[in-house]
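S.K.: Below is the file query08.cif, which contains mmCIF, C-alpha atoms.
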```cif
data_protein
loop_
_atom_site.group_PDB
_atom_site.id
_atom_site.type_symbol
_atom_site.label_atom_id
_atom_site.label_comp_id
_atom_site.auth_asym_id
_atom_site.auth_seq_id
_atom_site.Cartn_x
_atom_site.Cartn_y
_atom_site.Cartn_z
ATOM 1 C CA MET A 653 -16.602 1.474 -5.716
ATOM 2 C CA SER A 654 -15.130 -1.290 -3.578
ATOM 3 C CA ARG A 655 -12.349 -0.826 -1.032
ATOM 4 C CA LEU A 656 -9.941 -2.737 -3.296
ATOM 5 C CA GLN A 657 -10.845 -0.578 -6.284
ATOM 6 C CA ARG A 658 -10.235 2.581 -4.231
ATOM 7 C CA LEU A 659 -6.861 1.252 -3.054
ATOM 8 C CA ALA A 660 -5.885 0.335 -6.633
ATOM 9 C CA GLN A 661 -6.967 3.777 -7.845
ATOM 10 C CA LEU A 662 -4.929 5.486 -5.114
ATOM 11 C CA ALA A 663 -1.906 3.323 -5.973
ATOM 12 C CA GLN A 664 -2.183 4.400 -9.591
ATOM 13 C CA LEU A 665 -2.422 8.050 -8.559
ATOM 14 C CA VAL A 666 0.561 7.878 -6.190
ATOM 15 C CA LEU A 667 2.716 6.093 -8.752
ATOM 16 C CA SER A 668 1.895 8.581 -11.506
ATOM 17 C CA ASP A 669 2.379 11.718 -9.388
ATOM 18 C CA PRO A 670 5.970 12.685 -8.480
ATOM 19 C CA GLN A 671 4.833 15.078 -5.744
ATOM 20 C CA PRO A 672 6.595 14.848 -2.365
ATOM 21 C CA HIS A 673 4.888 13.390 0.694
ATOM 22 C CA VAL A 674 3.694 9.997 -0.436
ATOM 23 C CA PRO A 675 0.487 9.159 1.469
ATOM 24 C CA SER A 676 0.158 6.099 3.645
ATOM 25 C CA PRO A 677 -1.873 3.251 2.178
ATOM 26 C CA CYS A 678 -3.382 2.460 5.590
ATOM 27 C CA VAL A 679 -7.163 2.125 5.497
ATOM 28 C CA SER A 680 -7.539 1.256 9.211
ATOM 29 C CA ILE A 681 -8.276 -2.411 8.562
ATOM 30 C CA CYS A 682 -5.245 -3.727 10.416
ATOM 31 C CA THR A 683 -5.556 -7.496 10.240
ATOM 32 C CA MET A 684 -2.680 -9.657 9.094
ATOM 33 C CA ASN A 685 -3.541 -12.535 6.781
ATOM 34 C CA PRO A 686 -1.936 -15.673 8.285
ATOM 35 C CA VAL A 687 -1.262 -17.187 4.854
ATOM 36 C CA SER A 688 0.056 -14.218 2.858
ATOM 37 C CA GLN A 689 1.519 -12.411 5.902
ATOM 38 C CA LEU A 690 0.117 -9.166 4.462
ATOM 39 C CA CYS A 691 -2.261 -6.673 6.004
ATOM 40 C CA GLU A 692 -5.758 -7.340 4.695
ATOM 41 C CA GLY A 693 -6.437 -3.601 4.516
ATOM 42 C CA CYS A 694 -3.392 -2.192 2.742
ATOM 43 C CA PHE A 695 -1.517 -5.287 1.494
ATOM 44 C CA ARG A 696 1.749 -4.355 3.219
ATOM 45 C CA SER A 697 3.988 -6.716 5.161
ATOM 46 C CA LEU A 698 4.780 -6.044 8.816
ATOM 47 C CA SER A 699 8.262 -4.833 7.860
ATOM 48 C CA GLU A 700 6.815 -2.437 5.264
ATOM 49 C CA ILE A 701 4.347 -1.097 7.821
ATOM 50 C CA GLY A 702 7.092 -0.728 10.434
ATOM 51 C CA GLU A 703 9.508 1.106 8.163
ATOM 52 C CA TRP A 704 6.947 3.514 6.668
ATOM 53 C CA ALA A 705 7.612 6.476 8.976
ATOM 54 C CA ARG A 706 11.385 6.216 8.523
ATOM 55 C CA VAL A 707 11.808 5.780 4.771
ATOM 56 C CA ASP A 708 12.014 8.344 1.989
ATOM 57 C CA ASP A 709 9.408 8.955 -0.700
ATOM 58 C CA ALA A 710 11.276 6.787 -3.235
ATOM 59 C CA ARG A 711 10.999 3.760 -0.941
ATOM 60 C CA LYS A 712 7.348 4.569 -0.202
ATOM 61 C CA ARG A 713 6.649 4.547 -3.949
ATOM 62 C CA GLN A 714 8.368 1.155 -4.171
ATOM 63 C CA VAL A 715 6.016 -0.141 -1.493
ATOM 64 C CA TRP A 716 3.061 1.315 -3.405
ATOM 65 C CA GLN A 717 4.266 -0.603 -6.495
ATOM 66 C CA LEU A 718 4.268 -3.800 -4.444
ATOM 67 C CA ILE A 719 0.798 -3.009 -3.136
ATOM 68 C CA ALA A 720 -0.521 -2.426 -6.654
ATOM 69 C CA ALA A 721 0.827 -5.833 -7.708
ATOM 70 C CA ARG A 722 -0.664 -7.543 -4.642
ATOM 71 C CA ILE A 723 -4.215 -6.250 -4.970
ATOM 72 C CA PRO A 724 -6.370 -9.165 -6.143
ATOM 73 C CA LYS A 725 -7.710 -8.650 -9.637
ATOM 74 C CA PRO A 726 -11.444 -9.247 -10.133
#
```
Take the structure in the file and give it back as structure tokens.

M.R.:
Amino acid sequence: MSRLQRLAQLAQLVLSDPQPHVPSPCVSICTMNPVSQLCEGCFRSLSEIGEWARVDDARKRQVWQLIAARIPKP
């Protein structure tokens, strides 16, 4: 399974599970794409990365929804 498939699968799991403590999407590939301005590892913007530790689970799920939409489809 590719890294993108694993991230998409985790996004689906997080968005379907209302449990507290939404996990971080960070996969330790912290390189910003100069064109999209998104992290190449987790597909978050710098502002989404920066706010992660301060926001509630509802906002984290919103970010996961954005991530799911940003993952390139094969």

S.K.: I'd like the neighbourhood of range 699-708 of chain A as a list in words, where a residue qualifies if any of its atoms comes within 10 Å (using all atoms listed in the file), though same-chain residues fewer than 3 positions away should be ignored.

M.R.: Pro672, His673, Val674, Ser676, Pro677, Cys678, Leu690, Cys691, Cys694, Phe695, Arg696, Arg711, Lys712, Arg713 and Val715 of chain A

S.K.: Report the residues retrieved by the PyMOL selection byres ((chain A and resi 662) around 12) from the displayed file, expressed as an NGL selection string.

M.R.: :A and (655-661 or 663-669 or 674-679 or 694 or 713 or 716-717 or 719-720 or 723)

S.K.: What does the structure give for the distance between CA of Asn685 in chain A and CA of Ser697 in chain A, in Å to one decimal?

M.R.: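 Computing it gives 9.7 Å between the two atoms.
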
S.K.: Tell me, in Å to one decimal, how far CA of Gln714 in chain A is from CA of Ser688 in chain A.

M.R.: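 Distance reported for this atom pair: 18.8 Å.
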
S.K.: Can you measure CA of Ser654 in chain A to CA of Gln689 in chain A for me? One decimal in Å is fine.

M.R.: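 Distance between the two atoms: 22.2 Å.
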
S.K.: Which is closer to Glu692 in chain A than all the others in A:Met653, A:Leu718, A:Pro670, A:Ser680, using only C-alpha atoms?

M.R.: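 Answer, going by the shortest atom-to-atom distance: A:Ser680.
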